[in-house]
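> Handing over coords-v4.txt, compact mmCIF, C-alpha atoms (C1' of nucleotides).
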```txt
# COMPACT_ATOMS: atom_id res chain seq x y z
CA MET A 640 15.84 7.88 -51.75
CA ALA A 641 14.57 8.85 -48.35
CA ARG A 642 16.02 6.99 -45.50
CA TRP A 643 12.66 6.34 -43.81
CA GLN A 644 9.20 6.00 -45.23
CA PRO A 645 7.44 9.29 -44.59
CA HIS A 646 4.41 9.92 -42.39
CA ALA A 647 5.33 7.44 -39.71
CA SER A 648 2.74 8.90 -37.38
CA ASP A 649 -0.06 8.66 -39.92
CA ARG A 650 0.90 5.11 -40.80
CA LEU A 651 0.67 4.17 -37.15
CA VAL A 652 -2.79 5.69 -36.87
CA VAL A 653 -4.03 3.85 -39.95
CA ALA A 654 -2.51 0.55 -38.84
CA ALA A 655 -4.00 0.94 -35.37
CA LEU A 656 -7.47 1.73 -36.63
CA GLU A 657 -7.41 -1.23 -39.00
CA LEU A 658 -6.25 -3.63 -36.33
CA PHE A 659 -8.74 -2.33 -33.78
CA GLU A 660 -11.50 -2.93 -36.32
CA GLU A 661 -10.22 -6.39 -37.20
CA ARG A 662 -9.43 -7.80 -33.76
CA GLY A 663 -10.72 -5.28 -31.27
CA TYR A 664 -8.67 -2.89 -29.18
CA GLU A 665 -7.72 -5.27 -26.38
CA ASN A 666 -6.67 -8.04 -28.75
CA THR A 667 -4.28 -5.69 -30.53
CA THR A 668 -0.75 -5.16 -29.24
CA VAL A 669 1.37 -2.09 -29.74
CA ILE A 670 3.99 -4.32 -31.33
CA GLY A 671 1.37 -5.52 -33.79
CA ILE A 672 0.44 -1.95 -34.72
CA ALA A 673 4.06 -0.95 -35.15
CA GLU A 674 4.82 -3.98 -37.32
CA ARG A 675 1.90 -3.31 -39.63
CA ALA A 676 3.23 0.22 -40.04
CA GLY A 677 6.72 -1.11 -40.74
CA LEU A 678 8.05 0.26 -37.45
CA THR A 679 8.80 -0.90 -33.91
CA LYS A 680 7.35 -0.49 -30.46
CA SER A 681 10.04 2.08 -29.60
CA THR A 682 8.97 4.29 -32.46
CA PHE A 683 5.30 3.94 -31.60
CA PHE A 684 5.91 5.38 -28.14
CA ARG A 685 8.00 8.14 -29.61
CA HIS A 686 4.97 9.30 -31.57
CA PHE A 687 2.24 8.63 -29.00
CA PRO A 688 2.45 8.70 -25.21
CA ASP A 689 0.30 5.58 -24.91
CA LYS A 690 -1.71 3.06 -26.88
CA ARG A 691 -5.02 4.96 -26.55
CA GLU A 692 -3.65 8.24 -27.78
CA VAL A 693 -3.10 6.91 -31.29
CA LEU A 694 -6.82 7.61 -31.85
CA PHE A 695 -6.80 11.07 -30.23
CA GLY A 696 -3.94 12.76 -31.98
CA GLY A 697 -5.31 15.81 -33.79
CA ASP A 698 -5.92 17.76 -30.63
CA THR A 699 -6.78 21.17 -31.99
CA MET A 700 -10.35 21.20 -30.73
CA ALA A 701 -9.71 22.95 -27.42
CA GLY A 702 -7.75 25.69 -29.13
CA LEU A 703 -10.38 26.12 -31.82
CA LEU A 704 -13.14 26.44 -29.25
CA ALA A 705 -11.23 28.91 -27.13
CA ALA A 706 -10.35 31.00 -30.18
CA GLY A 707 -13.93 30.87 -31.42
CA ILE A 708 -15.22 32.18 -28.12
CA ALA A 709 -12.58 34.88 -27.96
CA ASP A 710 -13.45 35.94 -31.53
CA ALA A 711 -17.17 36.32 -30.85
CA PRO A 712 -18.57 39.87 -30.97
CA ALA A 713 -17.92 41.76 -27.76
CA ASP A 714 -21.64 42.11 -27.04
CA ALA A 715 -22.47 38.44 -27.60
CA ALA A 716 -24.18 36.65 -24.75
CA PRO A 717 -22.40 33.60 -23.28
CA LEU A 718 -24.40 31.08 -25.30
CA GLU A 719 -23.96 33.17 -28.43
CA ALA A 720 -20.19 33.14 -27.93
CA VAL A 721 -20.33 29.38 -27.55
CA ALA A 722 -22.39 29.12 -30.72
CA HIS A 723 -19.79 31.22 -32.52
CA ALA A 724 -17.10 28.78 -31.44
CA LEU A 725 -19.15 25.78 -32.48
CA ASP A 726 -19.60 27.29 -35.91
CA ALA A 727 -15.84 27.74 -36.21
CA VAL A 728 -15.24 24.14 -35.19
CA GLY A 729 -17.87 22.99 -37.65
CA ARG A 730 -16.06 24.66 -40.50
CA ALA A 731 -12.55 23.62 -39.45
CA ALA A 732 -12.95 20.11 -38.09
CA PHE A 733 -16.12 18.61 -39.56
CA THR A 734 -14.70 18.41 -43.06
CA ALA A 735 -15.69 15.92 -45.74
CA GLU A 736 -12.27 14.22 -45.83
CA ARG A 737 -12.40 13.38 -42.15
CA ARG A 738 -15.94 12.06 -42.13
CA GLU A 739 -15.27 8.42 -42.99
CA PHE A 740 -12.25 8.20 -40.73
CA SER A 741 -14.18 9.79 -37.88
CA ALA A 742 -17.02 7.35 -38.24
CA ARG A 743 -14.70 4.36 -38.07
CA ARG A 744 -12.82 5.87 -35.15
CA ARG A 745 -16.08 6.52 -33.34
CA ALA A 746 -17.20 2.92 -33.71
CA VAL A 747 -13.92 1.62 -32.35
CA ILE A 748 -14.04 3.96 -29.36
CA ALA A 749 -17.64 3.09 -28.60
CA ALA A 750 -16.71 -0.60 -28.45
CA ASN A 751 -14.01 -0.21 -25.78
CA PRO A 752 -14.25 1.16 -22.25
CA GLU A 753 -10.58 2.12 -22.09
CA LEU A 754 -11.01 4.30 -25.17
CA ARG A 755 -14.30 5.73 -23.95
CA GLU A 756 -12.48 6.70 -20.79
CA ARG A 757 -9.92 8.66 -22.74
CA GLU A 758 -12.64 10.31 -24.77
CA ALA A 759 -14.46 11.29 -21.60
CA LEU A 760 -11.32 13.03 -20.34
CA LYS A 761 -10.89 14.85 -23.65
CA GLY A 762 -14.48 16.00 -23.38
CA LEU A 763 -13.85 17.46 -19.94
CA GLY A 764 -10.88 19.27 -21.42
CA LEU A 765 -13.05 20.84 -24.10
CA THR A 766 -15.63 21.91 -21.56
CA ALA A 767 -12.96 23.46 -19.37
CA ALA A 768 -11.46 25.24 -22.37
CA MET A 769 -14.82 26.79 -23.20
CA ALA A 770 -15.50 27.81 -19.61
CA GLU A 771 -12.08 29.44 -19.32
CA ALA A 772 -12.50 31.28 -22.60
CA LEU A 773 -15.85 32.60 -21.40
CA GLU A 774 -14.34 33.74 -18.13
CA ARG A 775 -11.68 35.60 -20.07
CA ARG A 776 -14.61 37.50 -21.62
CA GLY A 777 -15.84 38.43 -18.16
CA VAL A 778 -18.55 35.80 -17.82
CA PRO A 779 -18.76 34.90 -14.11
CA ASP A 780 -18.07 31.42 -12.84
CA PRO A 781 -21.25 29.43 -12.61
CA VAL A 782 -22.71 30.96 -15.76
CA SER A 783 -19.57 30.15 -17.71
CA ARG A 784 -19.71 26.54 -16.66
CA VAL A 785 -23.36 26.14 -17.55
CA ALA A 786 -22.79 27.62 -20.99
CA ALA A 787 -19.71 25.45 -21.53
CA GLN A 788 -21.57 22.35 -20.42
CA LEU A 789 -24.39 23.05 -22.88
CA GLY A 790 -21.86 23.74 -25.61
CA ALA A 791 -20.18 20.42 -24.93
CA LEU A 792 -23.50 18.62 -25.28
CA VAL A 793 -24.25 20.35 -28.57
CA LEU A 794 -20.80 19.43 -29.83
CA THR A 795 -21.31 15.81 -28.82
CA ILE A 796 -24.68 15.58 -30.54
CA ALA A 797 -23.38 17.28 -33.66
CA TYR A 798 -20.47 14.88 -33.80
CA GLU A 799 -22.76 11.91 -33.36
CA ARG A 800 -25.03 12.99 -36.20
CA TRP A 801 -22.20 13.98 -38.48
CA SER A 802 -20.40 10.66 -38.25
CA GLU A 803 -23.54 8.59 -38.66
CA PRO A 804 -24.23 7.03 -42.09
CA GLY A 805 -27.00 9.40 -43.09
CA GLY A 806 -25.93 12.60 -41.44
CA GLY A 807 -24.03 15.69 -42.12
CA GLY A 808 -23.09 17.64 -45.22
CA ALA A 809 -20.37 20.25 -45.20
CA GLY A 810 -20.11 22.59 -42.26
CA GLY A 811 -21.45 20.23 -39.66
CA ARG A 812 -24.88 21.76 -39.29
CA ALA A 813 -27.37 19.13 -38.21
CA PRO A 814 -30.01 18.53 -40.91
CA PRO A 815 -33.21 18.66 -38.85
CA ALA A 816 -33.81 21.80 -36.85
CA GLY A 817 -33.17 20.99 -33.23
CA PRO A 818 -35.93 21.38 -30.67
CA ARG A 819 -36.23 24.64 -28.82
CA GLY A 820 -37.38 24.59 -25.25
CA MET A 821 -35.43 24.59 -21.97
CA GLY A 822 -35.48 28.34 -22.20
CA ALA A 823 -32.08 28.81 -23.84
CA GLY A 824 -32.38 31.64 -26.34
CA HIS A 825 -31.53 30.11 -29.70
CA PRO A 826 -28.45 31.59 -31.32
CA PRO A 827 -28.76 32.24 -35.03
CA THR A 828 -26.37 29.70 -36.52
CA VAL A 829 -26.62 26.71 -34.22
CA ARG A 830 -29.95 24.95 -33.91
CA MET B 1475 -10.80 -16.16 16.12
CA ALA B 1476 -11.65 -15.34 12.59
CA ARG B 1477 -9.52 -16.91 9.97
CA TRP B 1478 -8.90 -13.67 8.14
CA GLN B 1479 -8.89 -10.11 9.32
CA PRO B 1480 -12.27 -8.66 8.33
CA HIS B 1481 -13.00 -5.83 5.90
CA ALA B 1482 -10.25 -6.70 3.44
CA SER B 1483 -11.77 -4.40 0.83
CA ASP B 1484 -11.95 -1.43 3.19
CA ARG B 1485 -8.40 -2.00 4.37
CA LEU B 1486 -7.23 -1.92 0.78
CA VAL B 1487 -9.03 1.36 0.16
CA VAL B 1488 -7.52 2.95 3.25
CA ALA B 1489 -4.03 1.69 2.45
CA ALA B 1490 -4.30 2.91 -1.13
CA LEU B 1491 -5.49 6.37 -0.15
CA GLU B 1492 -2.69 6.74 2.40
CA LEU B 1493 -0.01 5.64 -0.03
CA PHE B 1494 -1.35 7.83 -2.81
CA GLU B 1495 -1.18 10.79 -0.45
CA GLU B 1496 2.33 9.90 0.74
CA ARG B 1497 4.05 9.02 -2.55
CA GLY B 1498 1.58 9.91 -5.26
CA TYR B 1499 -0.47 7.54 -7.35
CA GLU B 1500 2.16 6.63 -9.92
CA ASN B 1501 4.84 5.98 -7.31
CA THR B 1502 2.60 3.50 -5.54
CA THR B 1503 2.47 -0.13 -6.62
CA VAL B 1504 -0.42 -2.49 -6.18
CA ILE B 1505 1.90 -4.81 -4.27
CA GLY B 1506 2.68 -1.95 -1.90
CA ILE B 1507 -1.00 -1.29 -1.27
CA ALA B 1508 -1.70 -4.95 -0.66
CA GLU B 1509 1.22 -5.30 1.74
CA ARG B 1510 0.14 -2.32 3.81
CA ALA B 1511 -3.29 -3.93 4.07
CA GLY B 1512 -1.70 -7.23 5.08
CA LEU B 1513 -2.72 -8.88 1.83
CA THR B 1514 -1.25 -9.76 -1.57
CA LYS B 1515 -1.56 -8.58 -5.13
CA SER B 1516 -3.83 -11.51 -5.96
CA THR B 1517 -6.30 -10.47 -3.34
CA PHE B 1518 -6.22 -6.86 -4.42
CA PHE B 1519 -7.34 -7.80 -7.93
CA ARG B 1520 -10.03 -10.04 -6.49
CA HIS B 1521 -11.56 -7.00 -4.82
CA PHE B 1522 -10.96 -4.40 -7.52
CA PRO B 1523 -10.76 -4.84 -11.29
CA ASP B 1524 -7.81 -2.44 -11.55
CA LYS B 1525 -5.62 -0.08 -9.56
CA ARG B 1526 -7.77 3.00 -10.22
CA GLU B 1527 -11.00 1.42 -9.12
CA VAL B 1528 -9.87 1.20 -5.51
CA LEU B 1529 -10.93 4.87 -5.25
CA PHE B 1530 -14.24 4.43 -7.09
CA GLY B 1531 -15.77 1.53 -5.25
CA GLY B 1532 -19.06 2.67 -3.72
CA ASP B 1533 -20.83 2.92 -7.02
CA THR B 1534 -24.40 3.53 -5.95
CA MET B 1535 -24.65 7.03 -7.44
CA ALA B 1536 -26.11 6.01 -10.79
CA GLY B 1537 -28.76 3.88 -9.12
CA LEU B 1538 -29.61 6.62 -6.64
CA LEU B 1539 -30.00 9.19 -9.40
CA ALA B 1540 -32.15 6.91 -11.54
CA ALA B 1541 -34.33 6.01 -8.58
CA GLY B 1542 -34.62 9.65 -7.56
CA ILE B 1543 -35.83 10.61 -11.02
CA ALA B 1544 -38.25 7.71 -11.15
CA ASP B 1545 -39.63 8.68 -7.75
CA ALA B 1546 -40.31 12.29 -8.67
CA PRO B 1547 -43.96 13.35 -8.85
CA ALA B 1548 -45.59 12.34 -12.11
CA ASP B 1549 -46.24 15.95 -13.10
CA ALA B 1550 -42.69 17.17 -12.38
CA ALA B 1551 -40.91 18.89 -15.24
CA PRO B 1552 -37.61 17.32 -16.39
CA LEU B 1553 -35.43 19.68 -14.38
CA GLU B 1554 -37.67 19.23 -11.36
CA ALA B 1555 -37.26 15.46 -11.59
CA VAL B 1556 -33.51 15.93 -11.77
CA ALA B 1557 -33.64 18.19 -8.72
CA HIS B 1558 -35.60 15.53 -6.88
CA ALA B 1559 -32.85 13.01 -7.66
CA LEU B 1560 -30.12 15.41 -6.57
CA ASP B 1561 -31.90 15.93 -3.27
CA ALA B 1562 -32.02 12.18 -2.73
CA VAL B 1563 -28.32 11.86 -3.50
CA GLY B 1564 -27.57 14.74 -1.17
CA ARG B 1565 -29.25 12.95 1.68
CA ALA B 1566 -27.84 9.50 0.95
CA ALA B 1567 -24.28 10.16 -0.22
CA PHE B 1568 -23.18 13.54 1.13
CA THR B 1569 -23.08 12.35 4.72
CA ALA B 1570 -20.90 13.74 7.47
CA GLU B 1571 -18.89 10.52 7.90
CA ARG B 1572 -17.82 10.51 4.27
CA ARG B 1573 -16.85 14.13 4.10
CA GLU B 1574 -13.24 13.88 5.23
CA PHE B 1575 -12.60 10.76 3.19
CA SER B 1576 -14.16 12.36 0.13
CA ALA B 1577 -12.01 15.44 0.44
CA ARG B 1578 -8.81 13.40 0.61
CA ARG B 1579 -9.96 11.20 -2.26
CA ARG B 1580 -10.77 14.28 -4.33
CA ALA B 1581 -7.32 15.75 -3.81
CA VAL B 1582 -5.64 12.52 -4.86
CA ILE B 1583 -7.77 12.24 -7.98
CA ALA B 1584 -7.16 15.85 -8.93
CA ALA B 1585 -3.40 15.26 -8.80
CA ASN B 1586 -3.36 12.40 -11.28
CA PRO B 1587 -4.52 12.29 -14.92
CA GLU B 1588 -5.15 8.55 -14.86
CA LEU B 1589 -7.55 8.96 -11.97
CA ARG B 1590 -9.18 12.01 -13.50
CA GLU B 1591 -9.77 9.92 -16.58
CA ARG B 1592 -11.61 7.29 -14.58
CA GLU B 1593 -13.63 9.97 -12.85
CA ALA B 1594 -14.59 11.49 -16.17
CA LEU B 1595 -15.93 8.15 -17.34
CA LYS B 1596 -17.92 7.74 -14.13
CA GLY B 1597 -19.37 11.19 -14.71
CA LEU B 1598 -20.54 10.20 -18.18
CA GLY B 1599 -22.16 7.16 -16.62
CA LEU B 1600 -24.10 9.33 -14.19
CA THR B 1601 -25.24 11.64 -16.97
CA ALA B 1602 -26.37 8.69 -19.06
CA ALA B 1603 -28.21 7.19 -16.08
CA MET B 1604 -30.11 10.45 -15.56
CA ALA B 1605 -30.97 10.80 -19.24
CA GLU B 1606 -32.24 7.23 -19.41
CA ALA B 1607 -34.31 7.66 -16.27
CA LEU B 1608 -35.86 10.78 -17.78
CA GLU B 1609 -36.64 8.98 -21.01
CA ARG B 1610 -38.38 6.28 -19.00
CA ARG B 1611 -40.63 9.07 -17.78
CA GLY B 1612 -41.45 10.01 -21.35
CA VAL B 1613 -39.06 12.94 -21.70
CA PRO B 1614 -37.95 13.01 -25.37
CA ASP B 1615 -34.33 12.60 -26.38
CA PRO B 1616 -32.65 15.96 -26.69
CA VAL B 1617 -34.52 17.44 -23.75
CA SER B 1618 -33.54 14.51 -21.55
CA ARG B 1619 -29.90 14.94 -22.41
CA VAL B 1620 -29.89 18.66 -21.73
CA ALA B 1621 -31.55 18.17 -18.35
CA ALA B 1622 -29.15 15.34 -17.47
CA GLN B 1623 -26.16 17.43 -18.53
CA LEU B 1624 -27.27 20.30 -16.31
CA GLY B 1625 -27.91 17.89 -13.48
CA ALA B 1626 -24.41 16.50 -13.82
CA LEU B 1627 -22.95 20.00 -13.59
CA VAL B 1628 -24.95 20.77 -10.46
CA LEU B 1629 -23.80 17.51 -8.92
CA THR B 1630 -20.18 18.31 -9.75
CA ILE B 1631 -20.38 21.79 -8.25
CA ALA B 1632 -22.16 20.52 -5.16
CA TYR B 1633 -19.51 17.86 -4.67
CA GLU B 1634 -16.73 20.42 -5.09
CA ARG B 1635 -18.22 22.72 -2.47
CA TRP B 1636 -19.09 19.95 -0.06
CA SER B 1637 -15.61 18.48 0.02
CA GLU B 1638 -13.85 21.82 0.34
CA PRO B 1639 -12.60 22.85 3.81
CA GLY B 1640 -15.27 25.45 4.46
CA GLY B 1641 -18.23 23.97 2.70
CA GLY B 1642 -21.20 21.82 3.34
CA GLY B 1643 -23.20 20.88 6.40
CA ALA B 1644 -25.58 17.92 6.42
CA GLY B 1645 -27.68 17.26 3.35
CA GLY B 1646 -25.25 18.67 0.84
CA ARG B 1647 -27.07 21.89 0.05
CA ALA B 1648 -24.63 24.56 -1.03
CA PRO B 1649 -24.48 27.46 1.48
CA PRO B 1650 -24.73 30.49 -0.84
CA ALA B 1651 -27.78 30.64 -3.08
CA GLY B 1652 -26.69 29.86 -6.63
CA PRO B 1653 -27.14 32.41 -9.38
CA ARG B 1654 -30.28 32.34 -11.44
CA GLY B 1655 -30.08 33.29 -15.06
CA MET B 1656 -29.60 31.15 -18.17
CA GLY B 1657 -33.37 30.78 -18.26
CA ALA B 1658 -33.61 27.48 -16.43
CA GLY B 1659 -36.61 27.63 -14.12
CA HIS B 1660 -35.22 27.15 -10.64
CA PRO B 1661 -36.60 24.07 -8.90
CA PRO B 1662 -37.55 24.55 -5.26
CA THR B 1663 -34.93 22.49 -3.44
CA VAL B 1664 -31.81 22.89 -5.52
CA ARG B 1665 -30.34 26.33 -5.93
C1' DA C 32 36.18 14.32 -45.45
C1' DG C 33 34.33 14.61 -41.09
C1' DA C 34 31.33 15.98 -37.37
C1' DG C 35 26.62 16.68 -36.08
C1' DT C 36 21.63 15.65 -36.38
C1' DG C 37 17.53 13.11 -36.00
C1' DA C 38 14.54 9.38 -36.61
C1' DT C 39 14.82 4.77 -35.87
C1' DG C 40 15.97 -0.16 -33.80
C1' DA C 41 17.28 -3.35 -29.99
C1' DG C 42 16.58 -4.91 -25.76
C1' DA C 43 16.56 -4.75 -20.61
C1' DC C 44 13.52 -3.56 -17.02
C1' DT C 45 9.29 -2.34 -14.00
C1' DT C 46 4.53 -2.66 -13.29
C1' DG C 47 -0.43 -3.62 -14.20
C1' DG C 48 -3.36 -7.27 -14.91
C1' DT C 49 -4.73 -12.41 -15.86
C1' DC C 50 -4.74 -17.04 -14.78
C1' DT C 51 -4.01 -21.45 -12.51
C1' DC C 52 -3.07 -24.16 -8.66
C1' DA C 53 -2.38 -24.80 -3.70
C1' DT C 54 -3.70 -23.81 1.18
C1' DC C 55 -6.52 -24.10 5.14
C1' DA C 56 -9.86 -22.57 8.74
C1' DC C 57 -14.77 -22.95 8.99
C1' DC C 58 -19.31 -25.40 8.31
C1' DG C 59 -22.62 -28.99 7.82
C1' DT C 60 -23.53 -33.66 8.04
C1' DA C 61 -23.07 -38.45 9.26
C1' DT D 1163 -15.33 -37.58 15.87
C1' DA D 1164 -14.40 -37.76 11.16
C1' DC D 1165 -14.98 -36.01 6.66
C1' DG D 1166 -15.96 -33.56 2.50
C1' DG D 1167 -17.39 -28.96 0.73
C1' DT D 1168 -16.82 -23.89 0.71
C1' DG D 1169 -14.61 -19.58 0.23
C1' DA D 1170 -11.19 -16.24 0.86
C1' DT D 1171 -6.53 -16.12 0.43
C1' DG D 1172 -1.36 -16.92 -1.21
C1' DA D 1173 2.22 -18.22 -4.70
C1' DG D 1174 3.94 -17.64 -8.86
C1' DA D 1175 4.04 -18.03 -14.00
C1' DC D 1176 2.89 -15.28 -17.76
C1' DC D 1177 1.75 -11.37 -21.13
C1' DA D 1178 1.45 -6.64 -22.53
C1' DA D 1179 2.04 -1.55 -21.59
C1' DG D 1180 5.24 1.75 -20.89
C1' DT D 1181 10.21 3.62 -19.69
C1' DC D 1182 14.90 4.03 -20.50
C1' DT D 1183 19.50 3.56 -22.43
C1' DC D 1184 22.52 2.65 -26.06
C1' DA D 1185 23.53 1.72 -30.92
C1' DT D 1186 22.75 2.62 -35.93
C1' DC D 1187 23.05 5.18 -40.03
C1' DA D 1188 21.42 8.16 -43.97
C1' DC D 1189 21.39 12.93 -44.53
C1' DT D 1190 23.34 17.74 -43.91
C1' DC D 1191 26.40 21.34 -43.04
C1' DT D 1192 30.91 23.16 -42.85
```
Any chance you could put this one into structure tokens?

Amino acid sequence: MARWQPHASDRLVVAALELFEERGYENTTVIGIAERAGLTKSTFFRHFPDKREVLFGGDTMAGLLAAGIADAPADAAPLEAVAHALDAVGRAAFTAERREFSARRRAVIAANPELREREALKGLGLTAAMAEALERRGVPDPVSRVAAQLGALVLTIAYERWSEPGGGGAGGRAPPAGPRGMGAGHPPTVR
Amino acid sequence: MARWQPHASDRLVVAALELFEERGYENTTVIGIAERAGLTKSTFFRHFPDKREVLFGGDTMAGLLAAGIADAPADAAPLEAVAHALDAVGRAAFTAERREFSARRRAVIAANPELREREALKGLGLTAAMAEALERRGVPDPVSRVAAQLGALVLTIAYERWSEPGGGGAGGRAPPAGPRGMGAGHPPTVR
DNA sequence: AGAGTGATGAGACTTGGTCTCATCACCGTA
DNA sequence: TACGGTGATGAGACCAAGTCTCATCACTCT
């Protein structure tokens, strides 16, 4: 028999999400989370640097976006490279198994300023990752930041729609065709 | 003689900024800040809801942006309304007196993740304020968000340049003309 | 068998943040 | 002149987040 129950980290995430839903984030203590997972406060902080981070663990987004931009065809325009990356993220991260969990997580985050703060910082990280990946392709500074900023907004909107009750089949493409306008040439796979 | 030294809030801000510069944010305690200001921890938390907020006090930005968008000519396009708001902010907030303080504040924030996190949340607030103000003008949802997102980026870049050693005279207009491109029609006063 | 490893537990400690109660100069009014 | 109200402050108890050190103990490798 194994000495410890497996998946300690996952158990902590599940316990935390449940407790945040039941009592709210600020009425939940780290000790409470650890106890529900059959662990202790010490172990919690061995798995996560702080209480917020238990909801932000799977941090592969920045890498996926950077890789997606690097993998875009050499002649792709900045926004087309961003679209390429968004497609990759859609396939890798917006999967059916994660949809219900993501929706619950989203609701919890939306209800708490401390968690929204962390999410805001993560968002800046994604934007910076895209801008840097574009600059590695030779896109000059202000253009790279504009493209990254627009990519971040598209990602945010896609995530919103995907984790809403009605929205989002496989692949993360938003059901209704998005509006054109604003003069940004529309890349083929992201609308 | 006055019973208390005046400007308690300002003294706390100054003390905090000095200590953050001397020892770093995480090596500075709230008690230390309060003592340098000739006050106590209790009083600190009466003036600021938490330790971070001592650097984010003058929170008129969101209101200025919303008012600037509301005040734009009725026939202004979304990006032109945003530009109108940015001009207003440039005149009201990017003043010569605040420049040195802003530069020091910026350096402190850049050096600490906890402070960057707070700043990221404030940035989201500004973007949301712009988007809402645009929607109050009848700009439909995704267009309003794109315009607000671009406005937020312009504001960020302007703030960066203004609080850098070389940059920014009165009014906050960036010295070199910004690049065109990306298809966004360039409004007359923001480049 | 015995030493090493690695995830865990126990608990002291600092600090951020909340809350309650006390203090005391100033102000208005009688 | 006296007196009660006001408002910013101080004192200190209290809780939870987060850090750190030391102990435990099944499993593994030699």
> Can you tell me how far atom CA of Ile748 of chain A sits from atom CA of Arg784 of chain A, in Å to one decimal?
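Between atom CA of Ile748 of chain A and atom CA of Arg784 of chain A the gap works out to 26.5 Å.
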> Any idea what's packed within 12 Å of DG47 of chain C, counting all atoms listed in the file, ignoring anything in its chain fewer than 5 positions away? Could you give it as number ranges by chain?
B: 1500, 1502-1505, 1515-1516, 1518-1519, 1523-1526; D: 1177-1180
> Go ahead and write the residues just picked, C-alpha atoms (C1' of nucleotides), as a PDB file, in the frame of the given file.

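File written: result_32.pdb
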```
ATOM      1  CA  GLU B1500       2.160   6.630  -9.920  1.00  0.00           C
ATOM      2  CA  THR B1502       2.600   3.500  -5.540  1.00  0.00           C
ATOM      3  CA  THR B1503       2.470  -0.130  -6.620  1.00  0.00           C
ATOM      4  CA  VAL B1504      -0.420  -2.490  -6.180  1.00  0.00           C
ATOM      5  CA  ILE B1505       1.900  -4.810  -4.270  1.00  0.00           C
ATOM      6  CA  LYS B1515      -1.560  -8.580  -5.130  1.00  0.00           C
ATOM      7  CA  SER B1516      -3.830 -11.510  -5.960  1.00  0.00           C
ATOM      8  CA  PHE B1518      -6.220  -6.860  -4.420  1.00  0.00           C
ATOM      9  CA  PHE B1519      -7.340  -7.800  -7.930  1.00  0.00           C
ATOM     10  CA  PRO B1523     -10.760  -4.840 -11.290  1.00  0.00           C
ATOM     11  CA  ASP B1524      -7.810  -2.440 -11.550  1.00  0.00           C
ATOM     12  CA  LYS B1525      -5.620  -0.080  -9.560  1.00  0.00           C
ATOM     13  CA  ARG B1526      -7.770   3.000 -10.220  1.00  0.00           C
TER      14      ARG B1526
ATOM     15  C1'  DC D1177       1.750 -11.370 -21.130  1.00  0.00           C
ATOM     16  C1'  DA D1178       1.450  -6.640 -22.530  1.00  0.00           C
ATOM     17  C1'  DA D1179       2.040  -1.550 -21.590  1.00  0.00           C
ATOM     18  C1'  DG D1180       5.240   1.750 -20.890  1.00  0.00           C
TER      19       DG D1180
END
```
> Counting only C-alpha atoms (C1' of nucleotides), I want the residues whose atoms come within 8 Å of (-15.4, -21.5, 7.2) in the file frame, returned as a list of chain:residue names.
B:Arg1477, C:DA56, C:DC57, C:DC58, D:DT1168, D:DG1169
> Mind dumping a table of every chain D residue within 10 Å of chain B, with the nearest atom pair and its distance in Å to one decimal, using only C-alpha atoms (C1' of nucleotides), sorted by chain and rising number, as a Markdown table?

```
| residue | atom | partner | partner_atom | distance |
| --- | --- | --- | --- | --- |
| D:DA1170 | C1' | B:Trp1478 | CA | 8.1 |
| D:DT1171 | C1' | B:Thr1517 | CA | 6.8 |
| D:DG1172 | C1' | B:Thr1514 | CA | 7.2 |
| D:DA1173 | C1' | B:Ser1516 | CA | 9.1 |
```
> Tell me, in Å to one decimal, how far atom CA of Gly697 of chain A is from atom CA of His646 of chain A.
14.3 Å
> Residues of chain C within 12 Å of chain B, counting all atoms listed in the file, what are they? List them as JSON, numbers by chain.
{"C": [45, 46, 47, 48, 49, 50, 51, 55, 56, 57]}
> Deliver the residues from the most recent selection as a file, using C-alpha atoms (C1' of nucleotides), as a PDB file, in the coordinates of the input.

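Generated file (selection19.pdb):
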```pdb
ATOM      1  C1'  DT C  45       9.290  -2.340 -14.000  1.00  0.00           C
ATOM      2  C1'  DT C  46       4.530  -2.660 -13.290  1.00  0.00           C
ATOM      3  C1'  DG C  47      -0.430  -3.620 -14.200  1.00  0.00           C
ATOM      4  C1'  DG C  48      -3.360  -7.270 -14.910  1.00  0.00           C
ATOM      5  C1'  DT C  49      -4.730 -12.410 -15.860  1.00  0.00           C
ATOM      6  C1'  DC C  50      -4.740 -17.040 -14.780  1.00  0.00           C
ATOM      7  C1'  DT C  51      -4.010 -21.450 -12.510  1.00  0.00           C
ATOM      8  C1'  DC C  55      -6.520 -24.100   5.140  1.00  0.00           C
ATOM      9  C1'  DA C  56      -9.860 -22.570   8.740  1.00  0.00           C
ATOM     10  C1'  DC C  57     -14.770 -22.950   8.990  1.00  0.00           C
TER      11       DC C  57
END
```
> (28.3, 17.4, -41.6) in this file's frame - what residues fall within 9 Å of it? Use all atoms listed in the file and give the answer as a list in words.
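All residues meeting the 9 Å criterion around (28.3, 17.4, -41.6) are DG33, DA34, DG35 and DT36 of chain C; DC1189, DT1190, DC1191 and DT1192 of chain D.
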> Deliver the residues from the most recent selection as a file, using C-alpha atoms (C1' of nucleotides), as an mmCIF file, in the frame of the given file.

```
data_model
loop_
_atom_site.group_PDB
_atom_site.id
_atom_site.type_symbol
_atom_site.label_atom_id
_atom_site.label_comp_id
_atom_site.auth_asym_id
_atom_site.auth_seq_id
_atom_site.Cartn_x
_atom_site.Cartn_y
_atom_site.Cartn_z
ATOM 1 C "C1'" DG C 33 34.330 14.610 -41.090
ATOM 2 C "C1'" DA C 34 31.330 15.980 -37.370
ATOM 3 C "C1'" DG C 35 26.620 16.680 -36.080
ATOM 4 C "C1'" DT C 36 21.630 15.650 -36.380
ATOM 5 C "C1'" DC D 1189 21.390 12.930 -44.530
ATOM 6 C "C1'" DT D 1190 23.340 17.740 -43.910
ATOM 7 C "C1'" DC D 1191 26.400 21.340 -43.040
ATOM 8 C "C1'" DT D 1192 30.910 23.160 -42.850
#
```
